[in-house]
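K.L.:
Pasting coords.tsv here (TSV, N, CA and C atoms):
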chain	number	residue	atom	x	y	z
A	1	MET	N	31.90	-2.76	-15.17
A	1	MET	CA	30.84	-3.25	-14.33
A	1	MET	C	30.62	-2.26	-13.20
A	2	ALA	N	29.34	-1.93	-12.94
A	2	ALA	CA	29.01	-0.94	-11.91
A	2	ALA	C	29.23	-1.52	-10.53
A	3	GLU	N	29.81	-0.72	-9.66
A	3	GLU	CA	30.06	-1.13	-8.30
A	3	GLU	C	28.81	-0.87	-7.47
A	4	GLU	N	28.40	-1.86	-6.67
A	4	GLU	CA	27.22	-1.71	-5.84
A	4	GLU	C	27.58	-0.89	-4.61
A	5	MET	N	26.78	0.13	-4.32
A	5	MET	CA	27.07	1.00	-3.20
A	5	MET	C	26.01	0.81	-2.12
A	6	SER	N	26.42	0.83	-0.89
A	6	SER	CA	25.47	0.73	0.21
A	6	SER	C	24.88	2.10	0.47
A	7	PRO	N	23.70	2.18	1.14
A	7	PRO	CA	23.10	3.48	1.43
A	7	PRO	C	24.00	4.37	2.28
A	8	GLU	N	24.81	3.78	3.15
A	8	GLU	CA	25.70	4.58	3.99
A	8	GLU	C	26.73	5.32	3.13
A	9	VAL	N	27.23	4.66	2.07
A	9	VAL	CA	28.20	5.29	1.18
A	9	VAL	C	27.53	6.43	0.42
A	10	LEU	N	26.27	6.22	0.01
A	10	LEU	CA	25.56	7.26	-0.70
A	10	LEU	C	25.33	8.47	0.19
A	11	VAL	N	25.03	8.25	1.46
A	11	VAL	CA	24.78	9.35	2.38
A	11	VAL	C	26.06	10.13	2.61
A	12	GLU	N	27.18	9.44	2.79
A	12	GLU	CA	28.45	10.11	3.05
A	12	GLU	C	28.92	10.91	1.84
A	13	GLY	N	28.65	10.42	0.65
A	13	GLY	CA	29.13	11.09	-0.55
A	13	GLY	C	28.23	12.18	-1.06
A	14	GLU	N	27.12	12.44	-0.38
A	14	GLU	CA	26.18	13.45	-0.84
A	14	GLU	C	26.73	14.84	-0.62
A	15	SER	N	26.53	15.71	-1.60
A	15	SER	CA	27.01	17.08	-1.47
A	15	SER	C	25.93	17.95	-0.85
A	16	GLY	N	26.27	19.12	-0.38
A	16	GLY	CA	25.30	20.04	0.20
A	16	GLY	C	25.52	20.20	1.69
A	17	THR	N	24.46	20.62	2.37
A	17	THR	CA	24.56	20.91	3.79
A	17	THR	C	24.57	19.67	4.65
A	18	GLY	N	24.17	18.55	4.14
A	18	GLY	CA	24.15	17.32	4.92
A	18	GLY	C	22.78	17.02	5.49
A	19	THR	N	21.84	17.93	5.42
A	19	THR	CA	20.52	17.67	5.96
A	19	THR	C	19.78	16.61	5.15
A	20	GLY	N	20.00	16.57	3.85
A	20	GLY	CA	19.39	15.53	3.02
A	20	GLY	C	19.94	14.17	3.35
A	21	GLY	N	21.24	14.10	3.60
A	21	GLY	CA	21.86	12.83	3.97
A	21	GLY	C	21.42	12.36	5.33
A	22	GLU	N	21.27	13.30	6.25
A	22	GLU	CA	20.80	12.94	7.59
A	22	GLU	C	19.35	12.45	7.53
A	23	THR	N	18.55	13.09	6.70
A	23	THR	CA	17.16	12.68	6.54
A	23	THR	C	17.08	11.28	5.96
A	24	LEU	N	17.89	10.99	4.97
A	24	LEU	CA	17.92	9.67	4.37
A	24	LEU	C	18.38	8.63	5.37
A	25	ALA	N	19.40	8.93	6.14
A	25	ALA	CA	19.89	8.00	7.16
A	25	ALA	C	18.83	7.74	8.22
A	26	ASN	N	18.14	8.81	8.64
A	26	ASN	CA	17.07	8.65	9.63
A	26	ASN	C	15.93	7.80	9.07
A	27	PHE	N	15.59	8.04	7.80
A	27	PHE	CA	14.52	7.28	7.17
A	27	PHE	C	14.88	5.80	7.07
A	28	LEU	N	16.11	5.52	6.65
A	28	LEU	CA	16.53	4.12	6.52
A	28	LEU	C	16.58	3.42	7.87
A	29	SER	N	16.97	4.12	8.91
A	29	SER	CA	16.99	3.48	10.23
A	29	SER	C	15.57	3.31	10.77
A	30	SER	N	14.66	4.21	10.42
A	30	SER	CA	13.28	4.08	10.90
A	30	SER	C	12.54	2.94	10.20
A	31	LEU	N	13.00	2.52	9.02
A	31	LEU	CA	12.37	1.40	8.33
A	31	LEU	C	12.46	0.12	9.14
A	32	GLU	N	13.51	-0.02	9.93
A	32	GLU	CA	13.67	-1.23	10.73
A	32	GLU	C	12.70	-1.27	11.90
A	33	GLU	N	12.24	-0.10	12.34
A	33	GLU	CA	11.35	-0.03	13.50
A	33	GLU	C	9.88	-0.18	13.12
A	34	ILE	N	9.51	0.13	11.89
A	34	ILE	CA	8.12	0.10	11.44
A	34	ILE	C	7.73	-1.32	11.07
A	35	THR	N	6.54	-1.73	11.52
A	35	THR	CA	6.01	-3.04	11.15
A	35	THR	C	4.82	-2.82	10.23
A	36	PRO	N	4.95	-3.10	8.94
A	36	PRO	CA	3.84	-2.87	8.02
A	36	PRO	C	2.75	-3.93	8.17
A	37	THR	N	1.56	-3.60	7.70
A	37	THR	CA	0.44	-4.54	7.75
A	37	THR	C	0.71	-5.74	6.84
A	38	ILE	N	1.32	-5.49	5.71
A	38	ILE	CA	1.66	-6.57	4.78
A	38	ILE	C	3.00	-7.15	5.23
A	39	PRO	N	3.03	-8.43	5.58
A	39	PRO	CA	4.27	-9.03	6.08
A	39	PRO	C	5.39	-9.01	5.04
A	40	ASP	N	6.61	-8.88	5.53
A	40	ASP	CA	7.78	-8.86	4.64
A	40	ASP	C	7.91	-10.17	3.87
A	41	SER	N	7.53	-11.28	4.50
A	41	SER	CA	7.64	-12.57	3.82
A	41	SER	C	6.72	-12.63	2.61
A	42	LEU	N	5.54	-12.06	2.72
A	42	LEU	CA	4.60	-12.03	1.60
A	42	LEU	C	5.14	-11.14	0.48
A	43	THR	N	5.66	-9.99	0.86
A	43	THR	CA	6.24	-9.09	-0.13
A	43	THR	C	7.43	-9.74	-0.82
A	44	SER	N	8.29	-10.41	-0.04
A	44	SER	CA	9.45	-11.10	-0.62
A	44	SER	C	9.03	-12.18	-1.60
A	45	TYR	N	7.98	-12.91	-1.24
A	45	TYR	CA	7.49	-13.98	-2.11
A	45	TYR	C	7.07	-13.42	-3.47
A	46	TYR	N	6.26	-12.35	-3.45
A	46	TYR	CA	5.79	-11.80	-4.72
A	46	TYR	C	6.89	-11.07	-5.47
A	47	LEU	N	7.85	-10.49	-4.77
A	47	LEU	CA	8.98	-9.88	-5.46
A	47	LEU	C	9.81	-10.94	-6.16
A	48	GLN	N	10.07	-12.06	-5.49
A	48	GLN	CA	10.84	-13.14	-6.12
A	48	GLN	C	10.07	-13.77	-7.26
A	49	LYS	N	8.76	-13.89	-7.10
A	49	LYS	CA	7.93	-14.48	-8.15
A	49	LYS	C	7.94	-13.60	-9.41
A	50	SER	N	8.06	-12.28	-9.21
A	50	SER	CA	8.10	-11.38	-10.36
A	50	SER	C	9.51	-11.19	-10.92
A	51	GLY	N	10.52	-11.79	-10.27
A	51	GLY	CA	11.88	-11.72	-10.78
A	51	GLY	C	12.76	-10.69	-10.11
A	52	PHE	N	12.31	-10.10	-9.03
A	52	PHE	CA	13.09	-9.08	-8.32
A	52	PHE	C	13.70	-9.72	-7.07
A	53	ASN	N	15.01	-9.89	-7.07
A	53	ASN	CA	15.70	-10.49	-5.94
A	53	ASN	C	16.53	-9.43	-5.23
A	54	THR	N	16.38	-9.37	-3.92
A	54	THR	CA	17.16	-8.43	-3.12
A	54	THR	C	17.53	-9.08	-1.79
A	55	SER	N	18.69	-8.72	-1.30
A	55	SER	CA	19.12	-9.24	-0.01
A	55	SER	C	18.96	-8.19	1.08
A	56	ASP	N	18.56	-6.98	0.70
A	56	ASP	CA	18.40	-5.89	1.66
A	56	ASP	C	16.97	-5.90	2.21
A	57	PRO	N	16.79	-6.17	3.50
A	57	PRO	CA	15.43	-6.20	4.06
A	57	PRO	C	14.76	-4.83	4.07
A	58	ARG	N	15.54	-3.76	4.00
A	58	ARG	CA	14.96	-2.42	3.98
A	58	ARG	C	14.21	-2.16	2.68
A	59	VAL	N	14.70	-2.72	1.59
A	59	VAL	CA	14.01	-2.57	0.30
A	59	VAL	C	12.66	-3.28	0.35
A	60	VAL	N	12.66	-4.49	0.91
A	60	VAL	CA	11.42	-5.25	1.04
A	60	VAL	C	10.45	-4.50	1.94
A	61	ARG	N	10.93	-3.95	3.04
A	61	ARG	CA	10.09	-3.20	3.97
A	61	ARG	C	9.52	-1.96	3.30
A	62	LEU	N	10.33	-1.29	2.50
A	62	LEU	CA	9.89	-0.08	1.80
A	62	LEU	C	8.78	-0.42	0.80
A	63	ILE	N	8.92	-1.52	0.10
A	63	ILE	CA	7.90	-1.94	-0.86
A	63	ILE	C	6.63	-2.37	-0.13
A	64	SER	N	6.78	-3.02	1.03
A	64	SER	CA	5.61	-3.38	1.85
A	64	SER	C	4.85	-2.15	2.28
A	65	LEU	N	5.57	-1.13	2.70
A	65	LEU	CA	4.92	0.11	3.12
A	65	LEU	C	4.24	0.82	1.95
A	66	ALA	N	4.87	0.80	0.79
A	66	ALA	CA	4.27	1.42	-0.39
A	66	ALA	C	2.99	0.68	-0.79
A	67	ALA	N	3.00	-0.64	-0.73
A	67	ALA	CA	1.81	-1.42	-1.05
A	67	ALA	C	0.70	-1.16	-0.03
A	68	GLN	N	1.07	-1.05	1.24
A	68	GLN	CA	0.11	-0.76	2.29
A	68	GLN	C	-0.55	0.60	2.05
A	69	LYS	N	0.24	1.59	1.68
A	69	LYS	CA	-0.30	2.93	1.41
A	69	LYS	C	-1.23	2.89	0.20
A	70	PHE	N	-0.84	2.16	-0.83
A	70	PHE	CA	-1.66	2.05	-2.04
A	70	PHE	C	-3.01	1.42	-1.71
A	71	ILE	N	-3.01	0.34	-0.94
A	71	ILE	CA	-4.25	-0.34	-0.58
A	71	ILE	C	-5.12	0.55	0.31
A	72	SER	N	-4.50	1.27	1.24
A	72	SER	CA	-5.30	2.13	2.12
A	72	SER	C	-5.91	3.29	1.35
A	73	GLU	N	-5.20	3.84	0.36
A	73	GLU	CA	-5.77	4.92	-0.45
A	73	GLU	C	-6.94	4.42	-1.28
A	74	ILE	N	-6.83	3.22	-1.83
A	74	ILE	CA	-7.93	2.66	-2.62
A	74	ILE	C	-9.14	2.40	-1.73
A	75	SER	N	-8.93	1.83	-0.56
A	75	SER	CA	-10.07	1.55	0.33
A	75	SER	C	-10.70	2.84	0.83
A	76	ASN	N	-9.90	3.86	1.11
A	76	ASN	CA	-10.45	5.15	1.54
A	76	ASN	C	-11.24	5.79	0.41
A	77	ASP	N	-10.74	5.73	-0.82
A	77	ASP	CA	-11.48	6.27	-1.95
A	77	ASP	C	-12.80	5.53	-2.16
A	78	ALA	N	-12.79	4.21	-1.98
A	78	ALA	CA	-14.02	3.42	-2.11
A	78	ALA	C	-15.03	3.81	-1.03
A	79	LEU	N	-14.56	4.05	0.18
A	79	LEU	CA	-15.45	4.48	1.27
A	79	LEU	C	-16.05	5.85	0.96
A	80	GLN	N	-15.23	6.77	0.48
A	80	GLN	CA	-15.74	8.10	0.13
A	80	GLN	C	-16.77	8.02	-0.99
A	81	HIS	N	-16.53	7.16	-1.96
A	81	HIS	CA	-17.49	6.99	-3.06
A	81	HIS	C	-18.79	6.42	-2.52
A	82	CYS	N	-18.68	5.47	-1.62
A	82	CYS	CA	-19.86	4.84	-1.02
A	82	CYS	C	-20.67	5.87	-0.22
A	83	LYS	N	-19.99	6.74	0.50
A	83	LYS	CA	-20.68	7.78	1.27
A	83	LYS	C	-21.35	8.80	0.35
A	84	MET	N	-20.69	9.14	-0.76
A	84	MET	CA	-21.26	10.12	-1.69
A	84	MET	C	-22.51	9.59	-2.37
A	85	THR	N	-22.52	8.32	-2.69
A	85	THR	CA	-23.69	7.74	-3.37
A	85	THR	C	-24.79	7.38	-2.39
A	86	GLY	N	-24.49	7.38	-1.10
A	86	GLY	CA	-25.50	7.09	-0.10
A	86	GLY	C	-25.76	5.62	0.11
A	87	ILE	N	-24.85	4.79	-0.34
A	87	ILE	CA	-25.00	3.36	-0.13
A	87	ILE	C	-24.54	3.04	1.28
A	88	GLY	N	-25.41	2.42	2.05
A	88	GLY	CA	-25.05	2.07	3.42
A	88	GLY	C	-26.27	1.57	4.15
A	89	GLN	N	-26.04	0.81	5.19
A	89	GLN	CA	-27.14	0.28	5.98
A	89	GLN	C	-27.19	1.01	7.31
A	90	THR	N	-28.40	1.39	7.71
A	90	THR	CA	-28.57	2.06	8.99
A	90	THR	C	-28.51	1.01	10.09
A	91	SER	N	-27.75	1.31	11.12
A	91	SER	CA	-27.64	0.35	12.22
A	91	SER	C	-28.92	0.35	13.04
A	92	LYS	N	-29.21	-0.76	13.71
A	92	LYS	CA	-30.44	-0.90	14.49
A	92	LYS	C	-30.35	-0.14	15.81
A	93	LYS	N	-29.16	-0.03	16.37
A	93	LYS	CA	-28.99	0.64	17.66
A	93	LYS	C	-29.16	2.14	17.54
A	94	ASN	N	-28.49	2.73	16.59
A	94	ASN	CA	-28.52	4.17	16.41
A	94	ASN	C	-28.89	4.45	14.97
A	95	SER	N	-30.03	5.08	14.77
A	95	SER	CA	-30.53	5.26	13.40
A	95	SER	C	-29.70	6.25	12.59
A	96	LYS	N	-28.81	7.02	13.23
A	96	LYS	CA	-27.99	7.98	12.50
A	96	LYS	C	-26.70	7.37	11.99
A	97	GLU	N	-26.25	6.28	12.56
A	97	GLU	CA	-25.01	5.63	12.12
A	97	GLU	C	-25.28	4.71	10.95
A	98	LYS	N	-24.40	4.75	10.00
A	98	LYS	CA	-24.50	3.85	8.85
A	98	LYS	C	-23.28	2.96	8.82
A	99	SER	N	-23.48	1.73	8.41
A	99	SER	CA	-22.35	0.82	8.22
A	99	SER	C	-22.19	0.59	6.72
A	100	TYR	N	-20.96	0.45	6.32
A	100	TYR	CA	-20.65	0.30	4.90
A	100	TYR	C	-19.97	-1.03	4.67
A	101	CYS	N	-20.28	-1.62	3.53
A	101	CYS	CA	-19.70	-2.91	3.16
A	101	CYS	C	-18.93	-2.73	1.85
A	102	LEU	N	-17.70	-3.19	1.84
A	102	LEU	CA	-16.87	-3.08	0.64
A	102	LEU	C	-17.25	-4.20	-0.32
A	103	THR	N	-17.80	-3.82	-1.46
A	103	THR	CA	-18.18	-4.78	-2.49
A	103	THR	C	-17.45	-4.42	-3.78
A	104	THR	N	-17.59	-5.28	-4.76
A	104	THR	CA	-16.97	-5.00	-6.06
A	104	THR	C	-17.56	-3.76	-6.68
A	105	ASP	N	-18.86	-3.55	-6.47
A	105	ASP	CA	-19.52	-2.37	-7.04
A	105	ASP	C	-19.00	-1.08	-6.43
A	106	THR	N	-18.68	-1.08	-5.15
A	106	THR	CA	-18.15	0.13	-4.52
A	106	THR	C	-16.65	0.28	-4.78
A	107	LEU	N	-15.98	-0.81	-5.08
A	107	LEU	CA	-14.54	-0.78	-5.32
A	107	LEU	C	-14.19	-0.37	-6.75
A	108	GLN	N	-15.06	-0.67	-7.70
A	108	GLN	CA	-14.77	-0.39	-9.11
A	108	GLN	C	-14.45	1.07	-9.40
A	109	PRO	N	-15.23	2.04	-8.92
A	109	PRO	CA	-14.89	3.44	-9.24
A	109	PRO	C	-13.56	3.88	-8.62
A	110	ALA	N	-13.26	3.40	-7.43
A	110	ALA	CA	-11.99	3.77	-6.79
A	110	ALA	C	-10.81	3.19	-7.56
A	111	LEU	N	-10.93	1.97	-8.02
A	111	LEU	CA	-9.86	1.36	-8.80
A	111	LEU	C	-9.73	2.01	-10.18
A	112	ALA	N	-10.85	2.46	-10.74
A	112	ALA	CA	-10.82	3.12	-12.04
A	112	ALA	C	-10.03	4.42	-11.97
A	113	ASP	N	-10.06	5.09	-10.80
A	113	ASP	CA	-9.27	6.31	-10.63
A	113	ASP	C	-7.77	6.04	-10.74
A	114	TYR	N	-7.35	4.82	-10.43
A	114	TYR	CA	-5.95	4.43	-10.49
A	114	TYR	C	-5.61	3.68	-11.77
A	115	GLY	N	-6.57	3.59	-12.69
A	115	GLY	CA	-6.32	2.95	-13.98
A	115	GLY	C	-6.44	1.43	-13.95
A	116	ILE	N	-7.10	0.91	-12.93
A	116	ILE	CA	-7.28	-0.54	-12.82
A	116	ILE	C	-8.73	-0.86	-13.14
A	117	SER	N	-8.94	-1.71	-14.14
A	117	SER	CA	-10.32	-2.07	-14.51
A	117	SER	C	-10.65	-3.43	-13.93
A	118	VAL	N	-11.82	-3.50	-13.33
A	118	VAL	CA	-12.30	-4.74	-12.71
A	118	VAL	C	-13.68	-5.02	-13.28
A	119	ARG	N	-13.88	-6.23	-13.74
A	119	ARG	CA	-15.18	-6.63	-14.26
A	119	ARG	C	-15.60	-7.93	-13.61
A	120	LYS	N	-16.89	-8.02	-13.37
A	120	LYS	CA	-17.44	-9.27	-12.83
A	120	LYS	C	-17.52	-10.30	-13.95
A	121	PRO	N	-17.29	-11.56	-13.64
A	121	PRO	CA	-17.52	-12.59	-14.65
A	121	PRO	C	-19.00	-12.61	-15.05
A	122	SER	N	-19.27	-13.05	-16.26
A	122	SER	CA	-20.64	-12.99	-16.81
A	122	SER	C	-21.63	-13.82	-15.99
A	123	TYR	N	-21.19	-14.85	-15.30
A	123	TYR	CA	-22.13	-15.66	-14.55
A	123	TYR	C	-22.55	-15.01	-13.25
A	124	TYR	N	-21.97	-13.88	-12.85
A	124	TYR	CA	-22.41	-13.13	-11.68
A	124	TYR	C	-23.36	-11.99	-12.04
A	125	SER	N	-23.52	-11.71	-13.30
A	125	SER	CA	-24.36	-10.57	-13.72
A	125	SER	C	-25.82	-10.89	-13.64
Any chance you could put this one into structure tokens?

P.N.:
Amino acid sequence: MAEEMSPEVLVEGESGTGTGGETLANFLSSLEEITPTIPDSLTSYYLQKSGFNTSDPRVVRLISLAAQKFISEISNDALQHCKMTGIGQTSKKNSKEKSYCLTTDTLQPALADYGISVRKPSYYS
């Protein structure tokens, strides 16, 4: 049976100059200071619902940060697609500023880049 090792044991047992271990230790300690947009409780709920149980809050925080980055990349890609196609409403105050609205039509190409297909139900067509 495999023995479970804590991150501190892994850092101490790492070979080399020690800079990789110090970087890992710094990263793990910085996870406690960062507050992600997606709450840890929400991440824990969906992790448990999918069958992944962990008692280490740093793992949950790391997954929350990864999900936050994934969502921000998708929304940024959708915004860039919207700007390239010229979809946007001109504001009344300043005719040069445009406001953009995230819709399913603007989100579909960004999600397709990540291999996620989204289709509207037939009653919305």

K.L.:
For Thr106 of chain A, which of A:Ser75, A:Ser41, A:Thr19, A:Thr35 is the closest residue, counting only C-alpha atoms?

P.N.:
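For Thr106 of chain A, the nearest of the given residues is A:Ser75.
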
K.L.:
Do you know which residues are at most 8 Å from Ser64 of chain A counting only N, CA and C atoms, after dropping those on the same chain fewer than 5 positions away, and could you put them as a count of residues only?

P.N.:
13

K.L.:
I need the strand (DSSP E or B) residues of segment 63-114 of chain A per DSSP on the backbone, written as a list in words.

P.N.:
Gln89, Thr90, Lys98 and Ser99 of chain A

K.L.:
One decimal, Å: what's the distance from atom CA of Leu111 of chain A over to atom CA of Ala67 of chain A, could you say?

P.N.:
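Distance between the two atoms: 14.3 Å.
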
K.L.:
Using only C-alpha atoms, pick whichever of A:Gly86, A:Glu73, A:Ala78, A:Pro121 has the shortest atom-to-atom distance to Asp105 of chain A.

P.N.:
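Among A:Gly86, A:Glu73, A:Ala78, A:Pro121, it is A:Ala78 that comes nearest to Asp105 of chain A.
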
K.L.:
Taking only C-alpha atoms into account, which of A:Lys98, A:Gly51, A:Arg61, A:Asp56 comes nearest Ser30 of chain A?

P.N.:
A:Arg61

K.L.:
Any idea what the distance is between atom CA of Lys120 of chain A and atom CA of Cys82 of chain A?

P.N.:
18.6 Å

K.L.:
With 12 Å as the threshold, what does the neighbourhood of (-15.4, -0.5, -8.5) contain in terms of residues, counting only C-alpha atoms? Coordinates are those of the file; answer as a PyMOL selection string.

P.N.:
chain A and resi 74-75+77-79+81-82+102-120

K.L.:
Can you spit out the residues from that selection as a PDB file, in the coordinates of the input, using N, CA and C atoms?

P.N.:
ATOM      1  N   ILE A  74      -6.830   3.220  -1.830  1.00  0.00           N
ATOM      2  CA  ILE A  74      -7.930   2.660  -2.620  1.00  0.00           C
ATOM      3  C   ILE A  74      -9.140   2.400  -1.730  1.00  0.00           C
ATOM      4  N   SER A  75      -8.930   1.830  -0.560  1.00  0.00           N
ATOM      5  CA  SER A  75     -10.070   1.550   0.330  1.00  0.00           C
ATOM      6  C   SER A  75     -10.700   2.840   0.830  1.00  0.00           C
ATOM      7  N   ASP A  77     -10.740   5.730  -0.820  1.00  0.00           N
ATOM      8  CA  ASP A  77     -11.480   6.270  -1.950  1.00  0.00           C
ATOM      9  C   ASP A  77     -12.800   5.530  -2.160  1.00  0.00           C
ATOM     10  N   ALA A  78     -12.790   4.210  -1.980  1.00  0.00           N
ATOM     11  CA  ALA A  78     -14.020   3.420  -2.110  1.00  0.00           C
ATOM     12  C   ALA A  78     -15.030   3.810  -1.030  1.00  0.00           C
ATOM     13  N   LEU A  79     -14.560   4.050   0.180  1.00  0.00           N
ATOM     14  CA  LEU A  79     -15.450   4.480   1.270  1.00  0.00           C
ATOM     15  C   LEU A  79     -16.050   5.850   0.960  1.00  0.00           C
ATOM     16  N   HIS A  81     -16.530   7.160  -1.960  1.00  0.00           N
ATOM     17  CA  HIS A  81     -17.490   6.990  -3.060  1.00  0.00           C
ATOM     18  C   HIS A  81     -18.790   6.420  -2.520  1.00  0.00           C
ATOM     19  N   CYS A  82     -18.680   5.470  -1.620  1.00  0.00           N
ATOM     20  CA  CYS A  82     -19.860   4.840  -1.020  1.00  0.00           C
ATOM     21  C   CYS A  82     -20.670   5.870  -0.220  1.00  0.00           C
ATOM     22  N   LEU A 102     -17.700  -3.190   1.840  1.00  0.00           N
ATOM     23  CA  LEU A 102     -16.870  -3.080   0.640  1.00  0.00           C
ATOM     24  C   LEU A 102     -17.250  -4.200  -0.320  1.00  0.00           C
ATOM     25  N   THR A 103     -17.800  -3.820  -1.460  1.00  0.00           N
ATOM     26  CA  THR A 103     -18.180  -4.780  -2.490  1.00  0.00           C
ATOM     27  C   THR A 103     -17.450  -4.420  -3.780  1.00  0.00           C
ATOM     28  N   THR A 104     -17.590  -5.280  -4.760  1.00  0.00           N
ATOM     29  CA  THR A 104     -16.970  -5.000  -6.060  1.00  0.00           C
ATOM     30  C   THR A 104     -17.560  -3.760  -6.680  1.00  0.00           C
ATOM     31  N   ASP A 105     -18.860  -3.550  -6.470  1.00  0.00           N
ATOM     32  CA  ASP A 105     -19.520  -2.370  -7.040  1.00  0.00           C
ATOM     33  C   ASP A 105     -19.000  -1.080  -6.430  1.00  0.00           C
ATOM     34  N   THR A 106     -18.680  -1.080  -5.150  1.00  0.00           N
ATOM     35  CA  THR A 106     -18.150   0.130  -4.520  1.00  0.00           C
ATOM     36  C   THR A 106     -16.650   0.280  -4.780  1.00  0.00           C
ATOM     37  N   LEU A 107     -15.980  -0.810  -5.080  1.00  0.00           N
ATOM     38  CA  LEU A 107     -14.540  -0.780  -5.320  1.00  0.00           C
ATOM     39  C   LEU A 107     -14.190  -0.370  -6.750  1.00  0.00           C
ATOM     40  N   GLN A 108     -15.060  -0.670  -7.700  1.00  0.00           N
ATOM     41  CA  GLN A 108     -14.770  -0.390  -9.110  1.00  0.00           C
ATOM     42  C   GLN A 108     -14.450   1.070  -9.400  1.00  0.00           C
ATOM     43  N   PRO A 109     -15.230   2.040  -8.920  1.00  0.00           N
ATOM     44  CA  PRO A 109     -14.890   3.440  -9.240  1.00  0.00           C
ATOM     45  C   PRO A 109     -13.560   3.880  -8.620  1.00  0.00           C
ATOM     46  N   ALA A 110     -13.260   3.400  -7.430  1.00  0.00           N
ATOM     47  CA  ALA A 110     -11.990   3.770  -6.790  1.00  0.00           C
ATOM     48  C   ALA A 110     -10.810   3.190  -7.560  1.00  0.00           C
ATOM     49  N   LEU A 111     -10.930   1.970  -8.020  1.00  0.00           N
ATOM     50  CA  LEU A 111      -9.860   1.360  -8.800  1.00  0.00           C
ATOM     51  C   LEU A 111      -9.730   2.010 -10.180  1.00  0.00           C
ATOM     52  N   ALA A 112     -10.850   2.460 -10.740  1.00  0.00           N
ATOM     53  CA  ALA A 112     -10.820   3.120 -12.040  1.00  0.00           C
ATOM     54  C   ALA A 112     -10.030   4.420 -11.970  1.00  0.00           C
ATOM     55  N   ASP A 113     -10.060   5.090 -10.800  1.00  0.00           N
ATOM     56  CA  ASP A 113      -9.270   6.310 -10.630  1.00  0.00           C
ATOM     57  C   ASP A 113      -7.770   6.040 -10.740  1.00  0.00           C
ATOM     58  N   TYR A 114      -7.350   4.820 -10.430  1.00  0.00           N
ATOM     59  CA  TYR A 114      -5.950   4.430 -10.490  1.00  0.00           C
ATOM     60  C   TYR A 114      -5.610   3.680 -11.770  1.00  0.00           C
ATOM     61  N   GLY A 115      -6.570   3.590 -12.690  1.00  0.00           N
ATOM     62  CA  GLY A 115      -6.320   2.950 -13.980  1.00  0.00           C
ATOM     63  C   GLY A 115      -6.440   1.430 -13.950  1.00  0.00           C
ATOM     64  N   ILE A 116      -7.100   0.910 -12.930  1.00  0.00           N
ATOM     65  CA  ILE A 116      -7.280  -0.540 -12.820  1.00  0.00           C
ATOM     66  C   ILE A 116      -8.730  -0.860 -13.140  1.00  0.00           C
ATOM     67  N   SER A 117      -8.940  -1.710 -14.140  1.00  0.00           N
ATOM     68  CA  SER A 117     -10.320  -2.070 -14.510  1.00  0.00           C
ATOM     69  C   SER A 117     -10.650  -3.430 -13.930  1.00  0.00           C
ATOM     70  N   VAL A 118     -11.820  -3.500 -13.330  1.00  0.00           N
ATOM     71  CA  VAL A 118     -12.300  -4.740 -12.710  1.00  0.00           C
ATOM     72  C   VAL A 118     -13.680  -5.020 -13.280  1.00  0.00           C
ATOM     73  N   ARG A 119     -13.880  -6.230 -13.740  1.00  0.00           N
ATOM     74  CA  ARG A 119     -15.180  -6.630 -14.260  1.00  0.00           C
ATOM     75  C   ARG A 119     -15.600  -7.930 -13.610  1.00  0.00           C
ATOM     76  N   LYS A 120     -16.890  -8.020 -13.370  1.00  0.00           N
ATOM     77  CA  LYS A 120     -17.440  -9.270 -12.830  1.00  0.00           C
ATOM     78  C   LYS A 120     -17.520 -10.300 -13.950  1.00  0.00           C
TER      79      LYS A 120
END
